[in-house]
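Engineer: Structure file final06.tsv (TSV, C-alpha atoms) is given on the next line.
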```tsv
chain	number	residue	atom	x	y	z
A	1	TRP	CA	-24.20	1.21	-5.51
A	2	ARG	CA	-23.64	4.66	-4.05
A	3	GLN	CA	-23.45	7.81	-6.15
A	4	ILE	CA	-20.65	10.26	-5.22
A	5	GLY	CA	-21.28	13.60	-6.87
A	6	GLN	CA	-22.55	13.77	-10.44
A	7	THR	CA	-20.32	11.22	-12.17
A	8	LEU	CA	-18.62	8.97	-9.62
A	9	ALA	CA	-20.24	5.81	-8.23
A	10	GLN	CA	-18.94	3.35	-5.62
A	11	ILE	CA	-19.48	-0.20	-4.38
A	12	HIS	CA	-17.77	-1.54	-1.21
A	13	ARG	CA	-17.33	-5.17	-0.17
A	14	VAL	CA	-15.27	-7.04	2.41
A	15	LYS	CA	-13.53	-10.15	1.08
A	16	GLY	CA	-11.73	-12.03	3.86
A	17	LYS	CA	-9.37	-9.46	5.40
A	18	ALA	CA	-9.45	-7.17	2.37
A	19	GLU	CA	-11.58	-4.06	1.88
A	20	VAL	CA	-12.55	-3.89	-1.80
A	21	TYR	CA	-13.88	-0.67	-3.30
A	22	PHE	CA	-15.02	-0.28	-6.90
A	23	PHE	CA	-15.21	3.25	-8.28
A	24	ALA	CA	-16.69	4.08	-11.68
A	25	ASN	CA	-16.78	7.35	-13.56
A	26	VAL	CA	-20.16	7.11	-15.26
A	27	GLY	CA	-19.90	10.56	-16.85
A	28	ASP	CA	-18.54	11.82	-20.13
A	29	LYS	CA	-15.86	14.03	-18.49
A	30	ALA	CA	-12.78	13.17	-16.44
A	31	ALA	CA	-13.37	12.87	-12.69
A	32	ASP	CA	-10.82	13.95	-10.08
A	33	ALA	CA	-11.80	13.28	-6.49
A	34	SER	CA	-10.50	12.38	-3.07
A	35	VAL	CA	-12.44	9.62	-1.35
A	36	TRP	CA	-12.38	8.62	2.32
A	37	LEU	CA	-12.16	4.90	3.10
A	38	ARG	CA	-12.73	3.31	6.50
A	39	GLY	CA	-9.66	2.20	8.44
A	40	LYS	CA	-5.96	2.81	8.18
A	41	ILE	CA	-5.17	0.80	5.08
A	42	LYS	CA	-2.41	0.64	2.50
A	43	PRO	CA	-4.43	0.88	-0.72
A	44	GLU	CA	-3.59	-0.74	-4.04
A	45	ALA	CA	-5.22	0.44	-7.26
A	46	TRP	CA	-6.25	-2.34	-9.65
A	47	ASP	CA	-7.15	-1.21	-13.17
A	48	PRO	CA	-9.71	-3.63	-14.68
A	49	HIS	CA	-9.16	-2.15	-18.15
A	50	THR	CA	-5.40	-2.84	-18.30
A	51	GLY	CA	-4.82	-5.40	-15.53
A	52	LYS	CA	-2.13	-3.16	-13.98
A	53	PHE	CA	-1.60	-2.57	-10.26
A	54	SER	CA	-0.27	0.63	-8.66
A	55	VAL	CA	-0.19	2.46	-5.34
A	56	PRO	CA	-2.43	5.54	-5.43
A	57	VAL	CA	-1.67	8.80	-3.65
A	58	TYR	CA	-3.10	8.42	-0.14
A	59	SER	CA	-2.89	9.72	3.41
A	60	HIS	CA	-4.18	8.70	6.82
A	61	ALA	CA	-6.29	10.72	9.25
A	62	VAL	CA	-8.67	10.30	12.17
A	63	GLU	CA	-12.25	11.50	11.69
A	64	GLU	CA	-14.64	11.46	14.66
A	65	GLY	CA	-12.28	9.10	16.48
A	66	GLN	CA	-12.12	6.61	13.60
A	67	PRO	CA	-9.05	5.91	11.43
A	68	MET	CA	-9.59	6.78	7.78
A	69	THR	CA	-7.60	6.61	4.56
A	70	ARG	CA	-7.94	9.37	1.95
A	71	VAL	CA	-7.27	8.22	-1.62
A	72	LYS	CA	-6.86	10.49	-4.65
A	73	LEU	CA	-8.72	9.24	-7.74
A	74	ALA	CA	-8.37	10.45	-11.31
A	75	LEU	CA	-10.64	8.60	-13.74
A	76	ALA	CA	-11.12	9.22	-17.43
A	77	PRO	CA	-14.70	9.23	-18.76
A	78	VAL	CA	-16.51	5.88	-18.44
A	79	ARG	CA	-13.55	4.23	-16.67
A	80	SER	CA	-13.33	2.38	-13.38
A	81	ILE	CA	-10.84	1.23	-10.76
A	82	PHE	CA	-10.70	-1.15	-7.82
A	83	ILE	CA	-9.07	0.08	-4.62
A	84	VAL	CA	-8.06	-2.84	-2.40
A	85	GLY	CA	-6.81	-2.31	1.13
A	86	ARG	CA	-5.61	-4.66	3.83
```
Would you write the structure of this file as structure tokens?
Structural biologist:
Amino acid sequence: WRQIGQTLAQIHRVKGKAEVYFFANVGDKAADASVWLRGKIKPEAWDPHTGKFSVPVYSHAVEEGQPMTRVKLALAPVRSIFIVGR
């Protein structure tokens, strides 16, 4: 469990060929953030509260010679989301 700022927390796991990130807004205010994920992935957002899937706003870049994916997150208070990339 890694804290990102005051209200956003993250867990990362690798499941087979998928990168699975879990982000949680543990605060009482909405959280808007951009997060950097390792690799050039096509992320999918999985909402555990509704069961819906979507494609988040994202872009690719290279940081210190490594491919990265920047994903825009907008989470309501005490909400969470899975970002899954392949």
Engineer: Kindly indicate which residue among A:Leu37, A:Ile11, A:Leu75, A:Ile81 lies nearest to Gly51 (chain A), using all atoms listed in the file for the distances.
Structural biologist: A:Ile81
Engineer: Which of these residues is nearest to Ser59 (chain A), using all atoms listed in the file: A:Leu8, A:Ala76, A:Ile41, A:Ile83?
Structural biologist: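 Answer, going by the shortest atom-to-atom distance: A:Ile41.
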Engineer: Could you give me the axis-aligned bounding box of region 35-46 of chain A, with 3 Å of padding per side, as centre plus edge lengths in Å to one decimal, as AutoDock Vina command-line options?
Structural biologist:
```
--center_x -7.6 --center_y 3.6 --center_z -0.6 --size_x 16.3 --size_y 18.0 --size_z 24.1
```
Engineer: Considering only C-alpha atoms, return as a list in words whatever protein or nucleic-acid residues lie within 6 Å of Phe82 (chain A), sequence-local ones (same chain, fewer than 5 positions apart) excluded.
Structural biologist: Tyr21, Phe22, Ala45 and Trp46 of chain A
Engineer: Which one is closest to Pro48 (chain A): A:Ala61, A:Ile4, A:Ala24, A:Ala18? Count only C-alpha atoms.
Structural biologist: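 So, comparing all the options, the nearest one is A:Ala24.
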Engineer: Would you work out the distance separating CA of Asp32 (chain A) from CA of Lys17 (chain A), expressed in Å to one decimal?
Structural biologist: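 Separation between CA of Asp32 (chain A) and CA of Lys17 (chain A): 28.1 Å.
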Engineer: Which residues come within 12 Å of Glu63 (chain A), counting all atoms listed in the file, excluding same-chain residues fewer than 3 positions away, as a list in words?
Structural biologist: Trp36, Leu37, Arg38, Gly39, Lys40, His60, Gln66, Pro67, Met68, Thr69 and Arg70 of chain A
Engineer: For CA of Glu64 (chain A) and CA of Asn25 (chain A), determine how far apart the two atoms are, in Å to one decimal place.
Structural biologist: 28.6 Å
Engineer: In Å, with one decimal, what is the gap from CA of Lys42 (chain A) to CA of Ala9 (chain A)?
Structural biologist: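 Computing the Euclidean distance for CA of Lys42 (chain A) and CA of Ala9 (chain A) yields 21.4 Å.
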Engineer: Choose the residue, out of A:Val14, A:Val57, A:Ala31, A:Val62, that has the smallest atom-to-atom separation from Ser80 (chain A); count only C-alpha atoms.
Structural biologist: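 The closest residue to Ser80 (chain A) is A:Ala31.
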Engineer: Show me, as a PyMOL selection string, the residues that have an atom within 7 Å of Glu44 (chain A) when counting all atoms listed in the file, minus same-chain residues fewer than 5 positions from it.
Structural biologist: chain A and resi 53-56+83-85
Engineer: Now that the selection is made, can you save its residues with C-alpha atoms as an mmCIF file, in the frame of the given file?
Structural biologist:
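Listing of out_29.cif after writing:
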```
data_model
loop_
_atom_site.group_PDB
_atom_site.id
_atom_site.type_symbol
_atom_site.label_atom_id
_atom_site.label_comp_id
_atom_site.auth_asym_id
_atom_site.auth_seq_id
_atom_site.Cartn_x
_atom_site.Cartn_y
_atom_site.Cartn_z
ATOM 1 C CA PHE A 53 -1.600 -2.570 -10.260
ATOM 2 C CA SER A 54 -0.270 0.630 -8.660
ATOM 3 C CA VAL A 55 -0.190 2.460 -5.340
ATOM 4 C CA PRO A 56 -2.430 5.540 -5.430
ATOM 5 C CA ILE A 83 -9.070 0.080 -4.620
ATOM 6 C CA VAL A 84 -8.060 -2.840 -2.400
ATOM 7 C CA GLY A 85 -6.810 -2.310 1.130
#
```
Engineer: Nearest to Asp47 (chain A): which of A:Arg79, A:Arg86, A:Lys15, A:Lys72 is it, counting only C-alpha atoms?
Structural biologist: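 The answer is A:Arg79, which sits nearest to Asp47 (chain A).
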Engineer: Please write region 69-83 of chain A of the preceding block to a file containing N, CA, C and O atoms, as a CSV table (one decimal), in the first residue's frame?
Structural biologist:
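Here's the written file result39.csv:
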```
chain,number,residue,atom,x,y,z
A,69,THR,N,3.1,5.2,-18.9
A,69,THR,CA,1.8,5.6,-19.3
A,69,THR,C,1.2,6.5,-18.2
A,69,THR,O,1.2,6.1,-17.0
A,70,ARG,N,0.7,7.7,-18.6
A,70,ARG,CA,0.1,8.6,-17.7
A,70,ARG,C,-1.4,8.5,-17.8
A,70,ARG,O,-1.9,8.5,-18.8
A,71,VAL,N,-2.0,8.2,-16.6
A,71,VAL,CA,-3.5,8.0,-16.6
A,71,VAL,C,-4.1,9.1,-15.7
A,71,VAL,O,-3.6,9.4,-14.6
A,72,LYS,N,-5.2,9.7,-16.2
A,72,LYS,CA,-5.9,10.7,-15.4
A,72,LYS,C,-6.9,10.0,-14.6
A,72,LYS,O,-7.7,9.2,-15.1
A,73,LEU,N,-6.9,10.3,-13.3
A,73,LEU,CA,-7.9,9.7,-12.3
A,73,LEU,C,-8.8,10.8,-11.7
A,73,LEU,O,-8.3,11.9,-11.4
A,74,ALA,N,-10.0,10.6,-11.6
A,74,ALA,CA,-11.0,11.4,-10.9
A,74,ALA,C,-11.8,10.5,-10.0
A,74,ALA,O,-12.7,9.8,-10.5
A,75,LEU,N,-11.6,10.6,-8.7
A,75,LEU,CA,-12.3,9.7,-7.8
A,75,LEU,C,-13.1,10.5,-6.8
A,75,LEU,O,-12.5,11.4,-6.1
A,76,ALA,N,-14.3,10.2,-6.6
A,76,ALA,CA,-15.2,10.8,-5.6
A,76,ALA,C,-14.6,10.4,-4.2
A,76,ALA,O,-13.8,9.4,-4.1
A,77,PRO,N,-15.1,11.0,-3.1
A,77,PRO,CA,-14.6,10.6,-1.8
A,77,PRO,C,-14.9,9.2,-1.5
A,77,PRO,O,-15.9,8.6,-1.9
A,78,VAL,N,-14.0,8.5,-0.8
A,78,VAL,CA,-14.0,7.1,-0.4
A,78,VAL,C,-14.5,6.2,-1.5
A,78,VAL,O,-15.4,5.3,-1.4
A,79,ARG,N,-13.9,6.4,-2.7
A,79,ARG,CA,-14.2,5.5,-3.9
A,79,ARG,C,-12.9,4.9,-4.4
A,79,ARG,O,-11.8,5.4,-4.0
A,80,SER,N,-13.0,3.9,-5.2
A,80,SER,CA,-11.8,3.3,-5.7
A,80,SER,C,-11.9,2.9,-7.2
A,80,SER,O,-13.1,2.9,-7.7
A,81,ILE,N,-10.8,2.5,-7.8
A,81,ILE,CA,-10.8,2.0,-9.2
A,81,ILE,C,-9.7,1.1,-9.4
A,81,ILE,O,-8.6,1.3,-8.8
A,82,PHE,N,-9.9,0.1,-10.3
A,82,PHE,CA,-8.8,-0.7,-10.8
A,82,PHE,C,-8.4,-0.2,-12.1
A,82,PHE,O,-9.2,0.1,-13.0
A,83,ILE,N,-7.1,0.0,-12.4
A,83,ILE,CA,-6.6,0.2,-13.7
A,83,ILE,C,-5.8,-1.0,-14.1
A,83,ILE,O,-4.8,-1.4,-13.5
```
